[in-house]
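Undergrad: input-v8.tsv (TSV, C-alpha atoms) pasted underneath:
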chain	number	residue	atom	x	y	z
A	1279	MET	CA	83.82	99.04	61.27
A	1280	VAL	CA	85.00	101.73	63.70
A	1281	LYS	CA	88.75	102.26	63.99
A	1282	ILE	CA	90.17	103.86	67.14
A	1283	ALA	CA	93.80	104.82	67.75
A	1284	VAL	CA	94.87	105.04	71.40
A	1285	PHE	CA	98.27	106.27	72.51
A	1286	ASP	CA	100.30	107.13	75.59
A	1287	SER	CA	103.95	106.92	76.62
A	1288	GLY	CA	103.69	103.18	77.30
A	1289	PHE	CA	101.40	100.98	79.41
A	1290	GLY	CA	98.99	103.84	80.18
A	1291	SER	CA	96.68	103.07	77.27
A	1292	LEU	CA	95.84	99.55	78.47
A	1293	PRO	CA	93.15	100.46	81.04
A	1294	ILE	CA	91.52	102.74	78.43
A	1295	ILE	CA	91.54	99.96	75.82
A	1296	ARG	CA	90.06	97.42	78.23
A	1297	ALA	CA	87.22	99.79	79.14
A	1298	ILE	CA	86.45	100.54	75.47
A	1299	GLN	CA	86.43	96.86	74.51
A	1300	LYS	CA	83.79	96.15	77.18
A	1301	THR	CA	81.40	98.77	75.81
A	1302	THR	CA	82.13	99.06	72.07
A	1303	LYS	CA	83.20	96.53	69.44
A	1304	SER	CA	86.00	98.20	67.52
A	1305	GLU	CA	89.32	97.91	65.74
A	1306	ILE	CA	91.90	99.44	68.09
A	1307	ILE	CA	95.37	100.63	67.16
A	1308	TYR	CA	97.45	100.87	70.35
A	1309	PHE	CA	100.64	102.93	70.13
A	1310	ALA	CA	102.87	102.77	73.22
A	1311	ASP	CA	105.34	105.61	72.64
A	1312	GLN	CA	107.89	104.24	75.10
A	1313	LYS	CA	110.70	106.23	73.51
A	1314	ASN	CA	109.06	109.39	74.91
A	1315	PHE	CA	108.25	108.02	78.38
A	1316	PRO	CA	107.48	109.72	80.71
A	1317	TYR	CA	105.08	112.39	79.48
A	1318	GLY	CA	104.85	113.57	83.08
A	1319	LYS	CA	108.38	114.99	83.10
A	1320	LYS	CA	108.20	116.82	79.77
A	1321	THR	CA	107.79	120.59	79.47
A	1322	LYS	CA	104.53	121.84	77.97
A	1323	SER	CA	106.37	122.74	74.75
A	1324	GLN	CA	108.02	119.31	74.46
A	1325	LEU	CA	104.70	117.61	75.16
A	1326	TYR	CA	102.88	119.64	72.52
A	1327	THR	CA	105.48	118.68	69.87
A	1328	ILE	CA	105.31	114.97	70.77
A	1329	VAL	CA	101.51	114.79	70.94
A	1330	LYS	CA	100.96	116.81	67.74
A	1331	GLN	CA	103.47	114.64	65.83
A	1332	THR	CA	101.87	111.47	67.19
A	1333	ILE	CA	98.37	112.54	66.19
A	1334	ASP	CA	99.60	113.40	62.67
A	1335	LEU	CA	101.42	110.04	62.40
A	1336	LEU	CA	98.36	108.05	63.47
A	1337	LYS	CA	96.06	110.00	61.13
A	1338	ASN	CA	98.34	109.51	58.14
A	1339	LYS	CA	99.18	105.87	58.76
A	1340	PHE	CA	95.88	104.46	60.02
A	1341	ASN	CA	93.13	107.01	59.20
A	1342	PRO	CA	91.21	106.28	62.43
A	1343	ASP	CA	87.67	107.48	63.18
A	1344	LEU	CA	88.76	108.52	66.67
A	1345	ILE	CA	92.10	109.20	68.35
A	1346	ILE	CA	92.36	108.90	72.12
A	1347	VAL	CA	95.19	110.64	73.91
A	1348	GLY	CA	95.35	108.05	76.69
A	1349	SER	CA	97.08	110.30	79.21
A	1350	ASN	CA	95.86	112.88	81.71
A	1351	THR	CA	98.94	115.13	81.51
A	1352	PRO	CA	98.64	116.21	77.82
A	1353	THR	CA	94.84	116.29	78.13
A	1354	LEU	CA	95.12	118.83	80.93
A	1355	LEU	CA	97.94	120.86	79.39
A	1356	LEU	CA	97.17	120.89	75.66
A	1357	ASP	CA	93.63	122.13	75.02
A	1358	LYS	CA	94.35	123.14	71.43
A	1359	VAL	CA	95.11	119.62	70.12
A	1360	PHE	CA	91.61	118.36	70.91
A	1361	THR	CA	88.82	118.34	68.33
A	1362	SER	CA	85.56	116.42	68.01
A	1363	ASN	CA	87.35	113.20	67.03
A	1364	ILE	CA	90.32	113.52	69.40
A	1365	ILE	CA	89.46	112.53	72.97
A	1366	GLY	CA	91.48	113.00	76.14
A	1367	VAL	CA	91.35	111.65	79.70
A	1368	LEU	CA	90.52	113.85	82.69
A	1369	PRO	CA	90.20	113.26	86.46
A	1370	PRO	CA	86.61	112.25	87.37
A	1371	LEU	CA	86.37	114.94	90.05
A	1372	LYS	CA	82.59	115.35	90.15
A	1373	GLU	CA	82.11	111.63	90.72
A	1374	ALA	CA	84.81	111.67	93.40
A	1375	SER	CA	83.20	114.60	95.20
A	1376	LYS	CA	79.76	113.00	94.95
A	1377	ILE	CA	80.78	109.75	96.66
A	1378	SER	CA	83.24	111.17	99.22
A	1379	LYS	CA	81.95	111.13	102.80
A	1380	THR	CA	84.88	113.06	104.30
A	1381	LYS	CA	84.88	115.58	101.39
A	1382	ASN	CA	88.65	115.09	101.18
A	1383	ILE	CA	89.67	113.70	97.80
A	1384	ALA	CA	93.05	113.20	96.16
A	1385	ILE	CA	94.17	113.40	92.55
A	1386	LEU	CA	97.09	111.09	91.80
A	1387	ALA	CA	98.83	112.49	88.74
A	1388	THR	CA	102.27	113.06	87.25
A	1389	LYS	CA	104.65	115.68	88.63
A	1390	THR	CA	104.05	117.96	85.62
A	1391	ALA	CA	100.26	117.75	86.00
A	1392	THR	CA	100.22	118.35	89.76
A	1393	LYS	CA	102.37	121.48	89.43
A	1394	SER	CA	100.43	122.91	86.48
A	1395	LYS	CA	98.05	125.85	86.56
A	1396	GLU	CA	95.88	123.85	84.15
A	1397	LEU	CA	95.05	121.25	86.82
A	1398	SER	CA	94.23	124.03	89.30
A	1399	ASN	CA	91.96	125.62	86.67
A	1400	TYR	CA	90.33	122.25	85.95
A	1401	ILE	CA	89.52	121.81	89.65
A	1402	LYS	CA	87.94	125.31	89.71
A	1403	LYS	CA	85.95	124.58	86.53
A	1404	ASN	CA	84.32	121.56	88.16
A	1405	GLN	CA	82.70	123.91	90.70
A	1406	LEU	CA	82.84	121.44	93.55
A	1407	SER	CA	81.21	122.16	96.90
A	1408	VAL	CA	83.19	124.63	99.04
A	1409	LYS	CA	83.38	121.85	101.63
A	1410	THR	CA	85.34	119.64	99.19
A	1411	ASN	CA	89.09	119.64	99.68
A	1412	VAL	CA	91.22	118.43	96.73
A	1413	ILE	CA	94.79	117.29	97.37
A	1414	LYS	CA	97.12	117.00	94.34
A	1415	VAL	CA	99.63	114.17	94.75
A	1416	ASN	CA	102.71	113.59	92.60
A	1417	ALA	CA	102.41	109.90	91.70
A	1418	SER	CA	105.32	109.80	89.21
A	1419	PRO	CA	107.17	107.13	91.30
A	1420	LEU	CA	104.09	104.89	90.88
A	1421	VAL	CA	103.91	105.55	87.15
A	1422	GLU	CA	107.55	104.40	86.91
A	1423	LEU	CA	106.61	101.13	88.68
A	1424	VAL	CA	104.09	100.41	85.93
A	1425	GLU	CA	106.21	101.38	82.94
A	1426	SER	CA	109.21	99.40	84.20
A	1427	GLY	CA	107.02	96.30	84.49
A	1428	LYS	CA	107.57	96.07	88.27
A	1429	PHE	CA	103.80	95.90	88.74
A	1430	ILE	CA	104.07	92.45	87.12
A	1431	THR	CA	107.41	91.21	88.46
A	1432	ASN	CA	107.89	92.79	91.90
A	1433	LYS	CA	104.66	93.44	93.79
A	1434	LYS	CA	106.57	93.62	97.10
A	1435	LEU	CA	108.53	96.65	95.83
A	1436	CYS	CA	105.30	98.19	94.51
A	1437	ARG	CA	103.67	97.90	97.94
A	1438	LYS	CA	106.71	99.48	99.58
A	1439	ILE	CA	106.84	102.48	97.23
A	1440	ILE	CA	103.07	102.94	97.29
A	1441	LYS	CA	103.16	103.06	101.09
A	1442	GLN	CA	106.12	105.48	101.14
A	1443	THR	CA	104.50	107.78	98.58
A	1444	LEU	CA	100.90	107.83	99.77
A	1445	HIS	CA	100.40	106.63	103.36
A	1446	ASN	CA	101.11	109.87	105.24
A	1447	ILE	CA	99.32	112.09	102.69
A	1448	PHE	CA	96.16	109.97	102.72
A	1449	PHE	CA	95.89	109.68	106.48
A	1450	GLN	CA	96.97	113.22	107.40
A	1451	ASN	CA	94.30	114.58	105.04
A	1452	ASN	CA	91.57	112.02	105.84
A	1453	ILE	CA	91.28	111.06	102.15
A	1454	ASP	CA	88.49	108.62	101.27
A	1455	VAL	CA	88.29	108.92	97.45
A	1456	VAL	CA	91.18	109.04	94.98
A	1457	THR	CA	91.20	109.61	91.22
A	1458	LEU	CA	93.84	107.57	89.38
A	1459	SER	CA	94.72	110.45	87.08
A	1460	SER	CA	97.64	108.97	85.28
A	1461	THR	CA	96.33	106.20	83.05
A	1462	HIS	CA	99.21	103.97	84.18
A	1463	LEU	CA	97.86	103.91	87.74
A	1464	PRO	CA	94.78	101.65	87.31
A	1465	LEU	CA	97.28	98.84	86.68
A	1466	LEU	CA	98.22	99.23	90.37
A	1467	LYS	CA	94.61	99.39	91.55
A	1468	SER	CA	94.52	95.90	93.12
A	1469	ILE	CA	97.63	96.69	95.20
A	1470	LEU	CA	96.27	100.12	96.18
A	1471	GLN	CA	92.99	98.60	97.35
A	1472	VAL	CA	94.79	96.08	99.55
A	1473	GLU	CA	97.05	98.79	101.02
A	1474	PHE	CA	94.17	101.26	101.57
A	1475	PRO	CA	90.97	99.18	101.92
A	1476	ARG	CA	88.85	102.11	103.16
A	1477	ILE	CA	89.63	104.33	100.18
A	1478	THR	CA	87.73	104.28	96.87
A	1479	PHE	CA	89.98	104.51	93.79
A	1480	LEU	CA	88.37	105.87	90.61
A	1481	ASP	CA	89.60	104.89	87.15
A	1482	PRO	CA	88.88	107.62	84.55
A	1483	ALA	CA	88.79	105.04	81.74
A	1484	GLN	CA	85.05	104.42	82.05
A	1485	GLU	CA	84.20	108.03	81.18
A	1486	VAL	CA	86.31	107.70	78.02
A	1487	ALA	CA	84.62	104.40	77.12
A	1488	ASN	CA	81.17	105.97	77.56
A	1489	LYS	CA	82.15	108.87	75.30
A	1490	VAL	CA	83.44	106.47	72.64
A	1491	LYS	CA	80.22	104.48	72.80
A	1492	LYS	CA	78.13	107.61	72.12
A	1493	LEU	CA	80.36	108.79	69.26
A	1494	THR	CA	80.44	105.42	67.48
A	1495	ILE	CA	76.83	104.35	67.87
A	1496	LYS	CA	76.25	104.35	64.08
A	1497	LYS	CA	79.49	102.62	63.14
A	1498	ARG	CA	80.00	99.52	65.26
A	1499	SER	CA	82.26	96.59	64.43
A	1500	LYS	CA	81.20	92.96	64.72
A	1501	LYS	CA	84.13	92.04	66.96
A	1502	ASN	CA	87.05	93.56	68.84
A	1503	SER	CA	90.50	93.57	67.30
A	1504	LEU	CA	93.77	95.01	68.60
A	1505	LYS	CA	97.00	95.94	66.83
A	1506	ILE	CA	99.91	97.00	69.05
A	1507	PHE	CA	102.85	99.24	68.18
A	1508	THR	CA	105.72	100.57	70.28
A	1509	SER	CA	108.53	103.04	69.71
A	1510	GLY	CA	110.58	101.11	72.26
A	1511	ASN	CA	112.01	97.58	72.30
A	1512	THR	CA	109.39	95.30	70.74
A	1513	GLN	CA	110.73	92.09	72.33
A	1514	THR	CA	110.84	93.53	75.86
A	1515	PHE	CA	107.32	94.95	75.49
A	1516	GLN	CA	106.11	91.63	74.07
A	1517	ARG	CA	107.46	89.75	77.11
A	1518	GLN	CA	105.84	92.20	79.54
A	1519	LEU	CA	102.46	92.06	77.83
A	1520	ARG	CA	102.48	88.27	77.68
A	1521	LYS	CA	102.86	88.17	81.47
A	1522	ILE	CA	99.50	89.92	81.76
A	1523	GLY	CA	97.83	87.72	79.15
A	1524	ILE	CA	98.21	89.84	75.99
A	1525	LYS	CA	99.68	87.68	73.22
A	1526	ASN	CA	99.32	90.01	70.24
A	1527	LYS	CA	102.32	90.58	68.00
A	1528	ILE	CA	104.14	93.84	68.80
A	1529	ASN	CA	105.16	96.03	65.86
A	1530	PHE	CA	107.67	98.88	65.79
A	1531	LEU	CA	106.51	102.44	65.06
A	1532	SER	CA	108.35	105.68	65.67
A	1533	LEU	CA	107.83	109.40	65.22
A	1534	SER	CA	111.27	109.80	63.63
Write the structure described by the file as structure tokens, please.
TA:
Amino acid sequence: MVKIAVFDSGFGSLPIIRAIQKTTKSEIIYFADQKNFPYGKKTKSQLYTIVKQTIDLLKNKFNPDLIIVGSNTPTLLLDKVFTSNIIGVLPPLKEASKISKTKNIAILATKTATKSKELSNYIKKNQLSVKTNVIKVNASPLVELVESGKFITNKKLCRKIIKQTLHNIFFQNNIDVVTLSSTHLPLLKSILQVEFPRITFLDPAQEVANKVKKLTIKKRSKKNSLKIFTSGNTQTFQRQLRKIGIKNKINFLSLS
């Protein structure tokens, strides 16, 4: 049986988990570190401390075969925490560039990620065509919509904030492909597609799922299982998850 631990600062791990469960039977430990939400407003030093402590906690408590840092921000900023059995999430830029007709693509990410030199370096490393224009967009207000549960309870507000945050940027720059490069954002994908029907939104979760499938080919489980932990309020998180059809018991886990 393959055991995989996935963590982020809250809801962000869910799209990753769903993608993995479709491609690989596994036992998944999901840790929503809501106490440290949002990762996207932490300094690089704060983020390193949190992520390193979380990885150590998950290793010691669960001894997983793989650990997935289910967040773009630490994946971009913290190269040194990643090893062969620790996987991160990165913007699928090559795929975005390949399918874009206007050659104008946007990366929706947290404020910290969009302002970082690491994201600029990552864009350069991808060696996209000189005709490809990449716009970095601070999507932290959208991440907040997900973590607060508004994406479940107040879709009208979500549409309003999405329009305020993205409409002018997308149309002024003739954007036709967008990477959802905070793992919270795929939970808004249905609303984004209605608001911007001519734009393709890419979820980076599938690349992670494909990587997991390759790494676990010799150690598959017979069925999927999911254990959920949060460092926040277990009852509140339980209520939110039940509204999207997840009925698993929520357990408390904290770094301190």
Undergrad: Please, which residues are within 6 Å of (94.0, 101.8, 79.2) by the file's coordinates, counting only C-alpha atoms, and could they come as a ChimeraX atom specification?
TA: /A:1290-1296
Undergrad: The selected residues should be written to file as a PDB file, in the coordinates of the input (atoms: C-alpha atoms).
TA:
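Saved file part12.pdb follows:
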ATOM      1  CA  GLY A1290      98.990 103.840  80.180  1.00  0.00           C
ATOM      2  CA  SER A1291      96.680 103.070  77.270  1.00  0.00           C
ATOM      3  CA  LEU A1292      95.840  99.550  78.470  1.00  0.00           C
ATOM      4  CA  PRO A1293      93.150 100.460  81.040  1.00  0.00           C
ATOM      5  CA  ILE A1294      91.520 102.740  78.430  1.00  0.00           C
ATOM      6  CA  ILE A1295      91.540  99.960  75.820  1.00  0.00           C
ATOM      7  CA  ARG A1296      90.060  97.420  78.230  1.00  0.00           C
TER       8      ARG A1296
END
Undergrad: Compile the contact shell of A:Ile1365 as number ranges by chain: residues with an atom at most 12 Å away, counting only C-alpha atoms, same-chain residues fewer than 3 positions apart removed.
TA: A: 1282-1285, 1294, 1333, 1343-1350, 1352-1354, 1356-1362, 1368, 1483, 1485-1490, 1493
Undergrad: Counting only C-alpha atoms, note down every residue that has an atom within 12 Å of the point (95.9, 120.7, 89.2) (file coordinates), as a PyMOL selection string.
TA: chain A and resi 1350-1351+1353-1355+1368-1369+1371+1384-1404+1412-1416+1459
Undergrad: Could you put an axis-aligned box around every listed atom of stretch 1370-1375 of chain A, padded by 8 Å on each side, and send me its centre and edge lengths in Å to one decimal, as lines of an AutoDock Vina configuration file?
TA:
center_x = 84.4
center_y = 113.5
center_z = 91.3
size_x = 20.5
size_y = 19.7
size_z = 23.8
Undergrad: Could you give me, as an MDAnalysis selection string, the residues within 10 Å of A:Phe1448, counting only C-alpha atoms and dropping anything in the same chain fewer than 5 positions from it?
TA: chainID A and resid 1382:1384 1413 1415 1441 1443 1453:1456 1474 1477
Undergrad: Those selected residues, please, written with C-alpha atoms and delivered as a JSON list (two decimals), in the coordinates of the input.
TA:
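Saved the output as selection10.json:
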[["chain", "number", "residue", "atom", "x", "y", "z"],
["A", 1382, "ASN", "CA", 88.65, 115.09, 101.18],
["A", 1383, "ILE", "CA", 89.67, 113.70, 97.80],
["A", 1384, "ALA", "CA", 93.05, 113.20, 96.16],
["A", 1413, "ILE", "CA", 94.79, 117.29, 97.37],
["A", 1415, "VAL", "CA", 99.63, 114.17, 94.75],
["A", 1441, "LYS", "CA", 103.16, 103.06, 101.09],
["A", 1443, "THR", "CA", 104.50, 107.78, 98.58],
["A", 1453, "ILE", "CA", 91.28, 111.06, 102.15],
["A", 1454, "ASP", "CA", 88.49, 108.62, 101.27],
["A", 1455, "VAL", "CA", 88.29, 108.92, 97.45],
["A", 1456, "VAL", "CA", 91.18, 109.04, 94.98],
["A", 1474, "PHE", "CA", 94.17, 101.26, 101.57],
["A", 1477, "ILE", "CA", 89.63, 104.33, 100.18]]
Undergrad: Can you tell me how far atom CA of A:Lys1379 sits from atom CA of A:Gly1366, in Å to one decimal?
TA: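 Pair atom CA of A:Lys1379 / atom CA of A:Gly1366 returns 28.4 Å.
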Undergrad: So which one's closest to A:Phe1530, A:Thr1508, A:Thr1431, A:Thr1514, A:Thr1301? Using all atoms listed in the file, please.
TA: A:Thr1508
Undergrad: Could you tell me how far atom CA of A:Val1421 sits from atom CA of A:Leu1463, in Å to one decimal place?
TA: 6.3 Å
Undergrad: Using all atoms listed in the file, find the one residue out of A:Leu1420, A:Ser1499, A:Ser1378, A:Phe1429 that sits nearest to A:Ile1522.
TA: A:Phe1429
Undergrad: Contacts of A:Ile1328 at 9 Å or less, counting all atoms listed in the file, minus same-chain residues fewer than 5 places along, as a list in words?
TA: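 My list of contacting residues is Asn1314, Ser1323, Ile1333 and Leu1533 of chain A.
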Undergrad: State, in Å with one decimal place, the distance from atom CA of A:Ile1495 to atom CA of A:Gln1299.
TA: 13.9 Å
Undergrad: Counting only C-alpha atoms, which residue out of A:Thr1302, A:Asn1338, A:Ser1426, A:Thr1478 sits closest to A:Leu1519?
TA: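 Of all the options, A:Ser1426 lies closest to A:Leu1519.
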Undergrad: Can you spit out stretch 1373-1466 of chain A with C-alpha atoms, as a compact mmCIF listing (two decimals), in the first residue's frame, from the structure just given?
TA:
# COMPACT_ATOMS: atom_id res chain seq x y z
CA GLU A 1373 1.31 23.59 -21.68
CA ALA A 1374 -0.19 27.09 -21.41
CA SER A 1375 2.17 28.46 -24.05
CA LYS A 1376 1.53 25.49 -26.33
CA ILE A 1377 -2.25 25.94 -26.42
CA SER A 1378 -2.39 29.77 -26.37
CA LYS A 1379 -3.43 31.32 -29.68
CA THR A 1380 -2.83 34.94 -28.64
CA LYS A 1381 0.49 34.03 -26.94
CA ASN A 1382 -0.66 36.06 -23.94
CA ILE A 1383 -0.94 33.88 -20.84
CA ALA A 1384 -1.52 34.71 -17.18
CA ILE A 1385 -0.29 33.10 -13.99
CA LEU A 1386 -2.74 33.50 -11.11
CA ALA A 1387 -0.74 33.13 -7.92
CA THR A 1388 -0.41 34.52 -4.40
CA LYS A 1389 0.98 37.99 -3.75
CA THR A 1390 4.25 36.55 -2.42
CA ALA A 1391 4.73 34.34 -5.49
CA THR A 1392 3.94 37.06 -8.04
CA LYS A 1393 6.45 39.45 -6.47
CA SER A 1394 9.21 36.85 -6.11
CA LYS A 1395 12.36 36.61 -8.19
CA GLU A 1396 11.86 32.83 -8.07
CA LEU A 1397 8.72 33.04 -10.23
CA SER A 1398 10.54 35.30 -12.70
CA ASN A 1399 13.39 32.77 -12.81
CA TYR A 1400 10.93 29.90 -13.27
CA ILE A 1401 9.39 31.67 -16.27
CA LYS A 1402 12.87 32.14 -17.79
CA LYS A 1403 13.77 28.49 -17.13
CA ASN A 1404 10.78 27.32 -19.17
CA GLN A 1405 12.36 28.94 -22.25
CA LEU A 1406 9.07 29.92 -23.81
CA SER A 1407 8.87 31.41 -27.29
CA VAL A 1408 9.93 35.08 -27.43
CA LYS A 1409 6.44 35.79 -28.75
CA THR A 1410 4.88 34.51 -25.49
CA ASN A 1411 3.92 37.19 -23.00
CA VAL A 1412 3.42 36.06 -19.37
CA ILE A 1413 1.40 38.27 -17.01
CA LYS A 1414 1.73 37.60 -13.26
CA VAL A 1415 -1.53 38.30 -11.41
CA ASN A 1416 -1.93 38.58 -7.64
CA ALA A 1417 -4.91 36.29 -6.96
CA SER A 1418 -4.72 36.42 -3.14
CA PRO A 1419 -8.29 37.88 -2.90
CA LEU A 1420 -9.53 34.76 -4.74
CA VAL A 1421 -7.55 32.44 -2.48
CA GLU A 1422 -9.29 34.10 0.50
CA LEU A 1423 -12.69 33.35 -1.09
CA VAL A 1424 -11.84 29.66 -1.11
CA GLU A 1425 -10.33 29.39 2.36
CA SER A 1426 -13.21 31.31 3.94
CA GLY A 1427 -15.68 28.87 2.37
CA LYS A 1428 -17.35 31.63 0.32
CA PHE A 1429 -16.88 29.51 -2.80
CA ILE A 1430 -19.50 27.20 -1.25
CA THR A 1431 -21.82 29.68 0.49
CA ASN A 1432 -21.70 32.91 -1.55
CA LYS A 1433 -21.11 32.40 -5.26
CA LYS A 1434 -22.53 35.87 -6.02
CA LEU A 1435 -19.73 37.49 -3.97
CA CYS A 1436 -17.17 35.21 -5.66
CA ARG A 1437 -18.32 36.35 -9.11
CA LYS A 1438 -18.10 39.98 -8.04
CA ILE A 1439 -14.57 39.72 -6.65
CA ILE A 1440 -13.37 37.59 -9.56
CA LYS A 1441 -14.64 40.22 -11.99
CA GLN A 1442 -13.08 43.10 -10.01
CA THR A 1443 -9.73 41.31 -9.73
CA LEU A 1444 -9.35 39.86 -13.22
CA HIS A 1445 -11.62 41.44 -15.85
CA ASN A 1446 -9.49 44.45 -16.82
CA ILE A 1447 -6.19 42.54 -16.68
CA PHE A 1448 -7.46 39.72 -18.89
CA PHE A 1449 -9.01 41.93 -21.53
CA GLN A 1450 -6.35 44.64 -21.63
CA ASN A 1451 -3.70 41.96 -22.19
CA ASN A 1452 -5.74 39.74 -24.55
CA ILE A 1453 -5.23 36.71 -22.27
CA ASP A 1454 -6.55 33.38 -23.57
CA VAL A 1455 -4.87 30.84 -21.24
CA VAL A 1456 -4.49 31.07 -17.46
CA THR A 1457 -2.63 28.82 -15.02
CA LEU A 1458 -4.39 28.42 -11.66
CA SER A 1459 -1.14 28.61 -9.73
CA SER A 1460 -2.45 28.64 -6.24
CA THR A 1461 -3.90 25.22 -5.53
CA HIS A 1462 -6.94 26.87 -3.92
CA LEU A 1463 -7.99 28.37 -7.27
CA PRO A 1464 -9.23 25.24 -9.10
CA LEU A 1465 -12.10 25.24 -6.58
CA LEU A 1466 -13.25 28.44 -8.33
